[in-house]
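A.B. asks: So I've got this file, work_2.cif, and it contains mmCIF, C-alpha atoms:
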data_query
loop_
_atom_site.label_atom_id
_atom_site.label_comp_id
_atom_site.auth_asym_id
_atom_site.auth_seq_id
_atom_site.Cartn_x
_atom_site.Cartn_y
_atom_site.Cartn_z
CA MET G 1 -14.98 35.18 -11.56
CA THR G 2 -12.64 32.73 -9.85
CA GLU G 3 -14.29 29.41 -8.96
CA PHE G 4 -14.33 28.63 -5.24
CA ARG G 5 -11.79 26.06 -4.01
CA CYS G 6 -11.80 24.89 -0.40
CA SER G 7 -8.07 24.09 -0.52
CA ALA G 8 -7.22 27.64 -1.54
CA LEU G 9 -9.39 29.05 1.25
CA SER G 10 -7.78 26.76 3.84
CA ALA G 11 -4.30 27.73 2.68
CA SER G 12 -5.19 31.43 2.74
CA HIS G 13 -6.11 31.04 6.43
CA ASP G 14 -2.79 29.24 7.01
CA GLU G 15 -4.79 26.40 8.57
CA PRO G 16 -2.44 23.80 10.10
CA VAL G 17 -2.74 20.31 8.63
CA LEU G 18 -1.83 18.53 11.88
CA GLY G 19 -4.45 16.50 13.71
CA THR G 20 -6.62 15.80 10.65
CA ALA G 21 -6.00 12.17 9.62
CA SER G 22 -8.97 9.79 9.48
CA ILE G 23 -9.92 7.75 12.54
CA VAL G 24 -9.60 4.29 11.02
CA HIS G 25 -7.35 1.27 11.56
CA SER G 26 -8.54 -1.20 8.90
CA TRP G 27 -8.68 -0.78 5.14
CA LEU G 28 -9.80 -2.63 2.04
CA LEU G 29 -8.51 -1.21 -1.24
CA VAL G 30 -10.19 -2.44 -4.41
CA GLU G 31 -8.84 -1.75 -7.88
CA GLN G 32 -11.61 -0.40 -10.08
CA PRO G 33 -10.48 1.32 -13.28
CA GLY G 34 -12.50 3.93 -15.10
CA SER G 35 -14.30 7.00 -13.83
CA TRP G 36 -15.72 7.40 -10.33
CA GLY G 37 -18.62 9.58 -9.24
CA HIS G 38 -19.07 11.49 -6.00
CA ASP G 39 -19.96 8.22 -4.22
CA ALA G 40 -17.20 6.19 -5.80
CA LEU G 41 -18.27 2.67 -4.90
CA PHE G 42 -21.80 3.15 -6.21
CA GLU G 43 -20.86 5.45 -9.08
CA SER G 44 -18.32 3.32 -10.89
CA ARG G 45 -18.49 0.12 -12.88
CA LEU G 46 -18.25 -1.97 -9.73
CA PRO G 47 -21.30 -4.30 -9.63
CA VAL G 48 -24.01 -2.84 -7.40
CA THR G 49 -24.32 -6.06 -5.39
CA VAL G 50 -20.61 -5.94 -4.60
CA ALA G 51 -20.68 -2.24 -3.77
CA ARG G 52 -23.63 -2.68 -1.41
CA HIS G 53 -21.93 -5.60 0.34
CA LEU G 54 -18.61 -3.81 0.77
CA VAL G 55 -20.22 -0.62 2.05
CA ALA G 56 -22.50 -2.45 4.51
CA GLN G 57 -19.74 -4.70 5.81
CA GLY G 58 -17.26 -1.84 5.97
CA GLU G 59 -19.63 0.29 8.04
CA GLN G 60 -20.54 -2.59 10.33
CA HIS G 61 -16.95 -3.60 11.04
CA ARG G 62 -15.32 -0.16 10.79
CA VAL G 63 -13.26 -0.93 7.71
CA ARG G 64 -12.56 1.90 5.26
CA VAL G 65 -13.27 0.62 1.74
CA LEU G 66 -11.59 2.63 -1.01
CA LEU G 67 -11.39 2.29 -4.76
CA ILE G 68 -7.97 2.55 -6.34
CA ARG G 69 -6.76 2.72 -9.92
CA ARG G 70 -3.43 2.78 -11.68
CA PRO G 71 -2.08 6.15 -12.77
CA ASP G 72 -1.95 4.99 -16.41
CA ARG G 73 -5.72 4.25 -16.29
CA VAL G 74 -5.17 1.12 -18.43
CA ARG G 75 -7.84 -1.58 -17.98
CA ARG G 76 -6.41 -4.99 -17.19
CA ALA G 77 -8.09 -8.34 -16.78
CA ILE G 78 -6.34 -9.03 -13.48
CA ARG G 79 -6.96 -6.50 -10.74
CA HIS G 80 -5.61 -5.95 -7.22
CA ALA G 81 -7.16 -5.75 -3.79
CA PHE G 82 -5.28 -4.94 -0.60
CA ALA G 83 -6.33 -5.69 2.97
CA ILE G 84 -4.49 -3.46 5.43
CA SER G 85 -4.28 -3.14 9.20
CA SER G 86 -2.51 0.03 10.32
CA ARG G 87 -2.74 -0.70 14.06
CA ARG G 88 0.40 -0.09 16.09
CA ARG G 89 0.18 -3.45 17.81
CA PRO G 90 0.94 -6.14 16.84
CA GLY G 91 2.17 -4.05 13.92
CA PRO G 92 0.82 -2.84 10.58
CA TRP G 93 0.57 -5.20 7.64
CA ILE G 94 -0.67 -5.45 4.06
CA GLU G 95 -2.02 -8.46 2.17
CA GLN G 96 -2.53 -8.50 -1.58
CA ARG G 97 -5.11 -10.40 -3.62
CA LEU G 98 -5.37 -10.68 -7.39
CA PHE G 99 -8.83 -11.12 -8.85
CA MET G 100 -10.62 -11.12 -12.19
CA ASP G 101 -14.26 -11.11 -11.09
CA ALA G 102 -15.42 -8.52 -8.54
CA ASP G 103 -17.86 -11.08 -7.11
CA GLU G 104 -14.82 -12.75 -5.53
CA LEU G 105 -14.77 -9.86 -3.05
CA LEU G 106 -18.09 -11.02 -1.58
CA GLY G 107 -16.17 -13.76 0.23
CA VAL G 108 -13.64 -11.48 1.96
CA ASP G 109 -13.82 -11.77 5.76
CA ILE G 110 -14.26 -8.06 6.48
CA ALA G 111 -15.18 -8.79 10.10
CA ALA G 112 -11.72 -10.29 10.69
CA LEU G 113 -10.09 -7.32 8.99
CA GLY G 114 -12.02 -4.93 11.23
CA GLU G 115 -10.55 -6.73 14.25
CA GLY G 116 -7.02 -6.38 12.89
CA ARG G 117 -6.78 -10.03 11.83
CA ARG G 118 -5.69 -11.23 8.41
CA PRO G 119 -8.75 -12.39 6.44
CA ALA G 120 -8.62 -16.14 5.86
CA ALA G 121 -7.55 -17.13 2.36
CA PHE G 122 -7.43 -13.51 1.23
CA GLY G 123 -4.10 -13.57 -0.54
CA ALA G 124 -0.43 -13.23 0.31
CA PRO G 125 1.60 -10.80 2.42
CA TYR G 126 2.64 -7.67 0.55
CA ARG G 127 5.97 -6.51 1.90
CA HIS G 128 6.28 -3.15 0.16
CA PRO G 129 4.90 0.29 0.97
CA LEU G 130 1.82 1.60 -0.82
CA HIS G 131 1.12 5.24 -1.54
CA LEU G 132 -2.39 6.53 -2.21
CA VAL G 133 -3.19 9.94 -3.68
CA CYS G 134 -6.80 11.11 -3.73
CA THR G 135 -7.84 12.14 -7.26
CA ASN G 136 -11.62 11.79 -6.93
CA GLY G 137 -12.51 15.08 -8.57
CA ARG G 138 -16.24 14.38 -8.61
CA HIS G 139 -16.18 14.19 -4.83
CA ASP G 140 -14.22 17.44 -4.65
CA PRO G 141 -12.48 19.23 -7.53
CA CYS G 142 -9.50 20.10 -5.32
CA CYS G 143 -8.59 16.41 -5.16
CA ALA G 144 -8.28 16.06 -8.92
CA GLN G 145 -6.72 19.47 -9.53
CA LEU G 146 -4.02 19.06 -6.88
CA GLY G 147 -3.80 15.27 -6.65
CA ARG G 148 -3.11 14.35 -10.26
CA PRO G 149 0.18 16.29 -10.51
CA VAL G 150 1.33 14.43 -7.39
CA VAL G 151 0.51 11.07 -9.00
CA ARG G 152 2.46 12.01 -12.12
CA ALA G 153 5.43 12.98 -9.97
CA LEU G 154 5.33 9.62 -8.21
CA ALA G 155 5.56 7.41 -11.28
CA SER G 156 5.87 4.03 -9.56
CA ASN G 157 3.96 0.77 -9.32
CA ARG G 158 3.56 1.48 -5.59
CA VAL G 159 1.49 4.60 -6.22
CA TRP G 160 -2.26 4.42 -6.79
CA GLU G 161 -4.98 6.95 -7.39
CA SER G 162 -7.62 6.70 -4.68
CA SER G 163 -11.22 7.61 -4.00
CA HIS G 164 -12.06 10.02 -1.18
CA LEU G 165 -9.52 9.94 1.68
CA GLY G 166 -10.90 12.81 3.77
CA GLY G 167 -9.77 16.39 4.22
CA GLU G 168 -10.35 17.81 0.74
CA ARG G 169 -9.18 21.24 1.87
CA PHE G 170 -5.70 19.81 2.43
CA ALA G 171 -5.29 18.52 -1.15
CA GLY G 172 -3.05 17.18 -2.54
CA ASN G 173 -3.58 14.39 -0.06
CA LEU G 174 -1.18 11.47 0.22
CA VAL G 175 -1.46 8.42 2.50
CA CYS G 176 1.49 6.06 3.03
CA PHE G 177 0.80 2.46 4.03
CA PRO G 178 1.06 0.21 5.97
CA HIS G 179 1.31 2.80 8.77
CA ALA G 180 -1.47 4.95 7.24
CA LEU G 181 0.39 8.22 7.62
CA TYR G 182 -1.50 11.18 6.15
CA PHE G 183 0.25 14.07 4.42
CA GLY G 184 -1.48 17.22 3.19
CA ARG G 185 -0.81 20.12 0.84
CA VAL G 186 1.60 17.88 -1.03
CA ASP G 187 2.69 19.12 -4.44
CA ALA G 188 4.57 17.49 -7.28
CA ALA G 189 7.87 19.03 -6.22
CA ARG G 190 7.76 17.68 -2.68
CA ALA G 191 5.96 14.34 -3.15
CA PRO G 192 8.97 12.21 -4.19
CA ALA G 193 10.94 13.26 -1.10
CA ILE G 194 7.99 12.52 1.21
CA THR G 195 7.48 9.00 -0.13
CA ALA G 196 11.21 8.27 -0.29
CA GLY G 197 11.55 9.46 3.29
CA TYR G 198 8.69 7.25 4.43
CA GLU G 199 10.18 4.22 2.68
CA ALA G 200 13.40 4.96 4.60
CA GLY G 201 11.44 5.19 7.88
CA ALA G 202 11.15 8.97 8.21
CA ILE G 203 8.23 11.42 8.38
CA ASP G 204 8.09 14.82 6.66
CA LEU G 205 6.70 16.89 9.53
CA ASP G 206 5.97 19.96 7.38
CA HIS G 207 3.18 18.09 5.58
CA TYR G 208 2.26 15.55 8.27
CA ARG G 209 -1.48 15.42 9.02
CA GLY G 210 -1.19 12.51 11.45
CA ARG G 211 -1.42 8.76 11.79
CA ALA G 212 -4.82 7.35 10.95
CA GLY G 213 -6.63 5.74 13.87
CA ASP G 214 -5.30 8.02 16.59
CA PRO G 215 -7.73 10.62 18.02
CA PHE G 216 -7.28 14.04 16.44
CA VAL G 217 -5.80 15.64 19.55
CA VAL G 218 -3.33 12.75 19.87
CA GLN G 219 -2.24 13.27 16.28
CA ALA G 220 -1.67 16.96 16.98
CA ALA G 221 0.23 16.23 20.20
CA GLU G 222 2.45 13.74 18.40
CA THR G 223 3.45 16.35 15.83
CA PHE G 224 4.15 18.90 18.57
CA LEU G 225 6.37 16.40 20.38
CA ARG G 226 8.20 15.37 17.22
CA ARG G 227 8.90 19.00 16.34
CA ALA G 228 10.08 19.82 19.84
CA GLU G 229 12.50 16.91 20.00
CA GLY G 230 13.43 16.68 16.32
CA TRP G 231 12.14 13.11 15.97
CA THR G 232 11.15 12.06 12.47
CA GLY G 233 11.39 8.25 12.68
CA VAL G 234 8.09 6.50 12.00
CA ASP G 235 8.30 4.50 15.22
CA ASP G 236 10.11 7.07 17.40
CA VAL G 237 7.04 7.71 19.58
CA ALA G 238 3.66 6.13 20.29
CA PRO G 239 0.74 7.33 22.45
CA VAL G 240 0.17 5.70 25.84
CA ARG G 241 -2.66 7.69 27.40
CA ARG G 242 -4.71 10.87 27.10
CA TYR G 243 -6.80 12.67 29.68
CA ARG G 244 -8.29 16.08 30.41
CA LEU G 245 -6.73 18.50 32.86
CA ASP G 246 -8.65 20.77 35.23
CA ASP G 247 -7.93 23.86 33.15
CA GLY G 248 -9.56 22.39 30.05
CA LEU G 249 -6.35 21.25 28.41
CA VAL G 250 -5.79 17.75 27.08
CA ALA G 251 -2.70 15.82 28.21
CA VAL G 252 -1.27 13.12 25.97
CA ARG G 253 1.47 10.79 27.18
CA PHE G 254 3.88 9.11 24.80
CA ALA G 255 6.43 6.33 25.05
CA THR G 256 9.58 6.64 22.97
CA ALA G 257 11.46 3.95 21.11
CA ALA G 258 14.39 4.60 23.45
CA GLY G 259 12.27 3.78 26.52
CA GLY G 260 11.48 7.31 27.68
CA ARG G 261 8.14 8.98 28.39
CA TYR G 262 6.86 12.43 27.51
CA GLU G 263 3.72 14.37 28.21
CA VAL G 264 2.25 16.98 25.87
CA HIS G 265 -0.41 19.50 26.91
CA VAL G 266 -2.67 20.76 24.14
CA ALA G 267 -5.41 23.39 24.05
CA ILE G 268 -8.34 22.85 21.68
CA SER G 269 -10.46 25.71 20.41
CA PRO G 270 -12.62 26.43 17.36
CA ALA G 271 -11.11 28.46 14.54
CA ALA G 272 -11.59 32.20 14.85
CA ASP G 273 -13.95 32.36 11.88
CA ALA G 274 -16.38 30.00 10.17
CA ARG G 275 -15.69 28.91 6.59
CA LEU G 276 -16.63 26.29 4.01
CA LEU G 277 -14.56 23.16 4.59
CA THR G 278 -15.28 21.48 1.24
CA CYS G 279 -16.05 22.79 -2.22
CA ALA G 280 -19.60 21.44 -1.96
CA ALA G 281 -20.28 22.44 1.65
CA ALA G 282 -23.68 24.00 2.29
CA ARG G 283 -22.74 25.81 5.49
CA ALA G 284 -19.66 27.32 7.07
CA GLU G 285 -17.98 25.64 10.05
CA ARG G 286 -15.23 26.45 12.53
CA PRO G 287 -12.72 23.59 12.46
CA PRO G 288 -10.83 22.81 15.69
CA THR G 289 -7.48 24.43 16.31
CA TYR G 290 -4.77 22.74 18.37
CA THR G 291 -2.25 24.82 20.29
CA LEU G 292 0.83 23.49 22.07
CA VAL G 293 0.92 24.55 25.73
CA ASP G 294 3.77 22.43 27.09
CA VAL G 295 5.90 19.38 26.39
CA PHE G 296 8.13 17.75 28.97
CA PRO G 297 9.81 14.42 29.81
CA LEU G 298 8.50 12.18 32.59
CA ALA G 299 10.45 10.00 34.97
CA GLY G 300 10.45 6.28 34.27
CA GLY G 301 9.54 4.31 31.18
CA GLY G 302 6.31 3.48 29.44
CA THR G 303 4.63 0.99 27.14
CA ALA G 304 2.85 2.30 24.05
CA VAL G 305 -0.70 1.31 23.20
CA HIS G 306 -2.47 0.63 19.89
#
Just give me the structure of the file as structure tokens.
C.D. replies:
Amino acid sequence: MTEFRCSALSASHDEPVLGTASIVHSWLLVEQPGSWGHDALFESRLPVTVARHLVAQGEQHRVRVLLIRRPDRVRRAIRHAFAISSRRRPGPWIEQRLFMDADELLGVDIAALGEGRRPAAFGAPYRHPLHLVCTNGRHDPCCAQLGRPVVRALASNRVWESSHLGGERFAGNLVCFPHALYFGRVDAARAPAITAGYEAGAIDLDHYRGRAGDPFVVQAAETFLRRAEGWTGVDDVAPVRRYRLDDGLVAVRFATAAGGRYEVHVAISPAADARLLTCAAARAERPPTYTLVDVFPLAGGGTAVH
């Protein structure tokens, strides 16, 4: 009997990946080698006092705290932590800190990070991209089964294995920082081109789940607009406003890097049938489906938000 896999079920339904990136702007990545359990921060060798502090502060200040580890799994005395803001304005950034004792993380100003500010005395600016691939198999087996080949294909010191990123059914899942662009159903053959494209300022729209922090419908509308106009540049478009129309549709307005404005109309409906969305799900659900209704240019210019 074939073991159930949520990613295989999602793919068999041809479920679109667009509009599924996490709603988060601020991140704290902590290197923690070794194995991780389902609840990675509490089921690793990270001291419990540190894990409790990071989880509590992260929840309070809306900072996503993730564990990361090197693909070679080698334990080193000096470890890395990264503070990241993926907000559009004033612009995304990464700071790096090297540490030897996890207790040092108790002093990180997570409140500042949650507000998009650089934590005082955290470390130094990190001016390179970072790529995270979820491989937390104890959270969902799809992540390990489909994520590890992607990590091997991306042999680079800018690639890290990550704890749960969200959207197990879209594994292999890849997130590119500092913009926090989510890509799903990434395999070993395609991963190098996706990361190389991102580092050159381009987005692979075939695997693009969305930009973290934007509402789901905005993420979907952005992909529809990009496909319609053939725009793949990371900063080609940015959302300005969203609102509901009388007929139940959602309108999303965008400003372009060239100074133009566009409006995208999207219909939202539940999937036709209910299904398990994770390998460990106890009940079936009907995930939202986004359908493009219209996309058109507007007169005048616009200023992007975020």
A.B. asks: Taking all atoms listed in the file into account, produce a table as a Markdown table in which each residue of segment 87-190 of chain G with an atom at most 8 Å from an atom of segment 32-39 of chain G appears once, together with its shortest atom pair and the distance in Å to one decimal, ordered by chain and rising number.
C.D. replies:
| residue | atom | partner | partner_atom | distance |
| --- | --- | --- | --- | --- |
| G:Asn136 | CA | G:Trp36 | CA | 6.9 |
| G:Gly137 | CA | G:His38 | CA | 7.9 |
| G:Arg138 | CA | G:His38 | CA | 4.8 |
| G:His139 | CA | G:His38 | CA | 4.1 |
| G:Asp140 | CA | G:His38 | CA | 7.8 |
| G:Ser163 | CA | G:Trp36 | CA | 7.8 |
A.B. asks: Written as a VMD selection string, what is the full residue list that the PyMOL selection byres ((chain G and resi 288) around 9) yields on the file shown?
C.D. replies: chain G and resid 268 to 271 286 to 287 289 to 290
A.B. asks: Using all atoms listed in the file, tabulate the residues of segment 160-219 of chain G lying at most 10 Å from any atom of segment 245-265 of chain G, each with its closest atom pair and that distance in Å to one decimal, by chain and increasing residue number, as a tab-separated table.
C.D. replies:
residue	atom	partner	partner_atom	distance
G:Val217	CA	G:Val250	CA	7.8
G:Val218	CA	G:Val252	CA	6.4
G:Gln219	CA	G:Val252	CA	9.7
A.B. asks: How would the residues just picked look written out with C-alpha atoms as a CSV table (one decimal), in the coordinates of the input?
C.D. replies:
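Printed below is selection16.csv as written:
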chain,number,residue,atom,x,y,z
G,217,VAL,CA,-5.8,15.6,19.6
G,218,VAL,CA,-3.3,12.8,19.9
G,219,GLN,CA,-2.2,13.3,16.3
A.B. asks: My list of candidates is G:Arg87, G:Arg158, G:Arg69, G:Arg45. Which is closest to Tyr126 of chain G when distances are computed with all atoms listed in the file?
C.D. replies: G:Arg158
A.B. asks: When distances are computed from only C-alpha atoms, which of G:Phe122, G:Trp160, G:Trp231, G:Tyr243 shows the smallest separation from Ile68 of chain G?
C.D. replies: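 Once distances to Ile68 of chain G are computed over only C-alpha atoms, the minimum belongs to G:Trp160.
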A.B. asks: Need to verify the contact set: Asp72 of chain G, 12 Å, all atoms listed in the file, exclusion of same-chain residues closer than 5 positions in sequence. Can you return it as a list of chain:residue names?
C.D. replies: G:Pro33, G:Gly34, G:Arg148, G:Val151, G:Arg152, G:Leu154, G:Ala155, G:Ser156, G:Asn157, G:Val159, G:Trp160, G:Glu161
A.B. asks: Interatomic distance between atom CA of Pro215 of chain G and atom CA of Gly166 of chain G?
C.D. replies: 14.8 Å
A.B. asks: Pull out every residue that the PyMOL selection byres ((chain G and resi 90-101) around 10) matches in the shown coordinates and put them as a PyMOL selection string.
C.D. replies: chain G and resi 25-31+47+76-89+102-105+116-119+121-130+177-180+305-306
A.B. asks: Please identify all polymer residues within 8 Å of Thr135 of chain G, counting all atoms listed in the file, omitting same-chain residues fewer than 4 positions from it, and present them as a CSV table (one decimal) with C-alpha atoms, in the frame of the given file.
C.D. replies:
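Output saved as out32.csv:
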chain,number,residue,atom,x,y,z
G,143,CYS,CA,-8.6,16.4,-5.2
G,144,ALA,CA,-8.3,16.1,-8.9
G,145,GLN,CA,-6.7,19.5,-9.5
G,146,LEU,CA,-4.0,19.1,-6.9
G,147,GLY,CA,-3.8,15.3,-6.6
G,148,ARG,CA,-3.1,14.4,-10.3
G,161,GLU,CA,-5.0,7.0,-7.4
G,162,SER,CA,-7.6,6.7,-4.7
G,163,SER,CA,-11.2,7.6,-4.0
G,164,HIS,CA,-12.1,10.0,-1.2
A.B. asks: Could you tell me how far atom CA of Glu168 of chain G lies from atom CA of Leu225 of chain G, in Å and to one decimal?
C.D. replies: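 Going from atom CA of Glu168 of chain G over to atom CA of Leu225 of chain G, I get 25.8 Å.
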A.B. asks: Given all atoms listed in the file as the basis, pick out the residue of G:Val65, G:Leu174, G:Val55, G:Ala284 nearest to Arg190 of chain G.
C.D. replies: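 Closest to Arg190 of chain G, using all atoms listed in the file: G:Leu174.
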A.B. asks: Could you check how far atom CA of Cys142 of chain G sits from atom CA of Ala221 of chain G, in Å to one decimal?
C.D. replies: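 For atom CA of Cys142 of chain G relative to atom CA of Ala221 of chain G, the distance reads 27.6 Å.
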